[in-house]
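Presented below is the structure to which this report refers.
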Amino acid sequence: TPVERTRTESVSARRRRRVVVGVTVVVGAVGLGLALAVRPGDPLFYLASLGVALLWIAGAIVSGPLHLGAARTRSGDTSLGVLQGFLLGLLLLAVFLVGALVVAQVPILRGPVEGLLDHARYGALWVVALVTAVNGIAEELFFRGAVYAALPPRINALGSTALYAASTLFSGVLLLTFAAICLGLLTAAQRRVTGGVLGPIASHLTWSMGMLFLLPPVFALEG
């Protein structure tokens, strides 16, 4: 059940938000594809990835107001939804790690994932972790903040998820697009309930940081 909230936006403000969102999605998708095409270990990867994150953040801010949101607690009070987001992120992480055991057995699926993991293997892990965290926050600010607010209420959850998944298509890694769909649906549902981006950010960071540190050992076991 969504937390009650009353927000209105003028027609002109909604139109501007949609224009900003449309331009940012196209440019960001191309930028993400170029960033992931950089050779693992090349410092340019970090700069390119941070550049994409800054683009998402800029698009979110320019599009219009963003909200942190609120979630219900069992006692009937409200919270910022961070704990809820963390627990849901853990659940999605567990599902993906189990799925990784299957993916590791299929060469056609394992290869592209190994290519993504090479950025963590051949680069400085703490830098990759920092870039991963910044990108996670930036993506939620844009896709669950700006994009979600720009779309009509009847399609904003599915629409924001579809655009989020579409932004990964230039990467050429279908499993990355699949992950974007799963993560996008989860965080869009949180956005609907909480009315803000803080819960989705907690889920995204929990999932993405968990995948960064736990997926390589899982693949090593099955290698």
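In the structure tokens, chains take the letters A, B, ... in the order shown, each chain's residues start at 1, and ligands count up from 1 in the order shown.
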
Please provide as a ChimeraX atom specification all residues within 12 Å of region 76-85 of chain A, with the sequence filter that same-chain residues fewer than 6 positions apart are discarded (counting only C-alpha atoms).
/A:2-4,67-70,91-92,183,186-191,193-207

Would you tabulate, counting only C-alpha atoms, all residues of region 61-150 of chain A that have an atom at most 12 Å from an atom of region 161-177 of chain A, showing the closest pair of atoms and their distance in Å to one decimal, sorted by chain then ascending number, as CSV?
```
residue,atom,partner,partner_atom,distance
A:Phe96,CA,A:Leu175,CA,10.9
A:Gly99,CA,A:Leu175,CA,11.1
A:Ala100,CA,A:Leu175,CA,10.6
A:Val103,CA,A:Leu175,CA,9.5
A:Ile108,CA,A:Leu174,CA,10.8
A:Leu109,CA,A:Leu175,CA,7.6
A:Arg110,CA,A:Leu175,CA,9.5
A:Gly111,CA,A:Val173,CA,9.6
A:Pro112,CA,A:Val173,CA,6.0
A:Val113,CA,A:Leu175,CA,7.5
A:Glu114,CA,A:Val173,CA,10.7
A:Gly115,CA,A:Val173,CA,9.3
A:Leu116,CA,A:Val173,CA,8.8
A:Leu117,CA,A:Leu176,CA,11.8
A:Glu139,CA,A:Tyr164,CA,8.4
A:Glu140,CA,A:Tyr164,CA,9.7
A:Leu141,CA,A:Tyr164,CA,11.9
A:Phe142,CA,A:Tyr164,CA,9.4
A:Phe143,CA,A:Tyr164,CA,6.5
A:Arg144,CA,A:Thr161,CA,8.6
A:Gly145,CA,A:Tyr164,CA,11.9
A:Ala146,CA,A:Tyr164,CA,11.7
A:Val147,CA,A:Leu163,CA,8.3
A:Tyr148,CA,A:Thr161,CA,8.8
A:Ala150,CA,A:Leu163,CA,11.9
```

If you count only C-alpha atoms, which residues fall within 9 Å of region 47-59 of chain A, apart from same-chain ones fewer than 2 positions away, as JSON, numbers by chain?
{"A": [20, 21, 23, 24, 25, 27, 28, 29, 31, 32, 34, 35, 36, 38, 43, 44, 45, 61, 62, 63, 64, 131, 132, 134, 135, 136, 137, 138, 139, 140, 141, 142, 143, 146]}

Among region 6-212 of chain A, which ones does DSSP assign to alpha helix (DSSP H) (computed from the backbone)? Answer as a PyMOL selection string.
chain A and resi 11-36+44-63+82-103+107-122+125-139+148-150+156-166+174-194+198-212

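We find CA of Ala220 (chain A) and CA of Leu93 (chain A) to be spaced 17.5 Å apart.
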
Extract the full set of strand (DSSP E) residues from region 21-204 of chain A according to DSSP on the backbone, and format it as a PyMOL selection string.
chain A and resi 71-72+78-79

Take the residues from that selection and write them out as a CSV table (one decimal), in the first residue's frame, keeping all heavy atoms.
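What follows is the written file again.csv:
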```csv
chain,number,residue,atom,x,y,z
A,71,ALA,N,8.3,5.0,3.9
A,71,ALA,CA,7.7,3.6,3.9
A,71,ALA,C,7.0,3.4,5.2
A,71,ALA,O,7.3,4.0,6.2
A,71,ALA,CB,8.9,2.6,3.6
A,72,ARG,N,6.1,2.5,5.2
A,72,ARG,CA,5.4,2.1,6.4
A,72,ARG,C,6.2,1.1,7.2
A,72,ARG,O,6.9,0.3,6.6
A,72,ARG,CB,4.0,1.5,6.0
A,72,ARG,CG,3.1,2.3,5.2
A,72,ARG,CD,1.8,1.6,5.0
A,72,ARG,NE,1.0,2.4,4.0
A,72,ARG,CZ,0.2,3.4,4.4
A,72,ARG,NH1,0.1,3.7,5.7
A,72,ARG,NH2,-0.6,4.0,3.5
A,78,THR,N,6.0,5.7,9.9
A,78,THR,CA,6.7,5.8,8.6
A,78,THR,C,8.2,5.9,8.8
A,78,THR,O,8.6,6.4,9.8
A,78,THR,CB,6.2,6.9,7.7
A,78,THR,OG1,6.4,8.2,8.4
A,78,THR,CG2,4.7,6.8,7.4
A,79,SER,N,8.9,5.4,7.8
A,79,SER,CA,10.4,5.5,7.8
A,79,SER,C,10.9,6.0,6.4
A,79,SER,O,10.0,6.1,5.5
A,79,SER,CB,11.0,4.2,8.2
A,79,SER,OG,10.9,3.3,7.2
```

Two-atom distance - CA of Gly184 (chain A), CA of Ser160 (chain A) (Å):
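Result for CA of Gly184 (chain A) versus CA of Ser160 (chain A): 7.5 Å, one decimal.
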
Shell of 10 Å around Glu9 (chain A), only C-alpha atoms, local chain residues under 2 positions omitted, as an MDAnalysis selection string
chainID A and resid 7 11:15 64:65 149:150

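Going from CA of Gly159 (chain A) to CA of Val30 (chain A) covers 19.3 Å.
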
Ranking A:Gly89, A:Pro152, A:Pro107, A:Pro40 by minimum distance to Val128 (chain A) and counting only C-alpha atoms, which one comes first?
A:Pro40

Using only C-alpha atoms, which of A:Arg17, A:Ile155, A:Val102, A:Gly41 sits nearest Ala124 (chain A)?
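Closest to Ala124 (chain A) of all the choices is A:Gly41.
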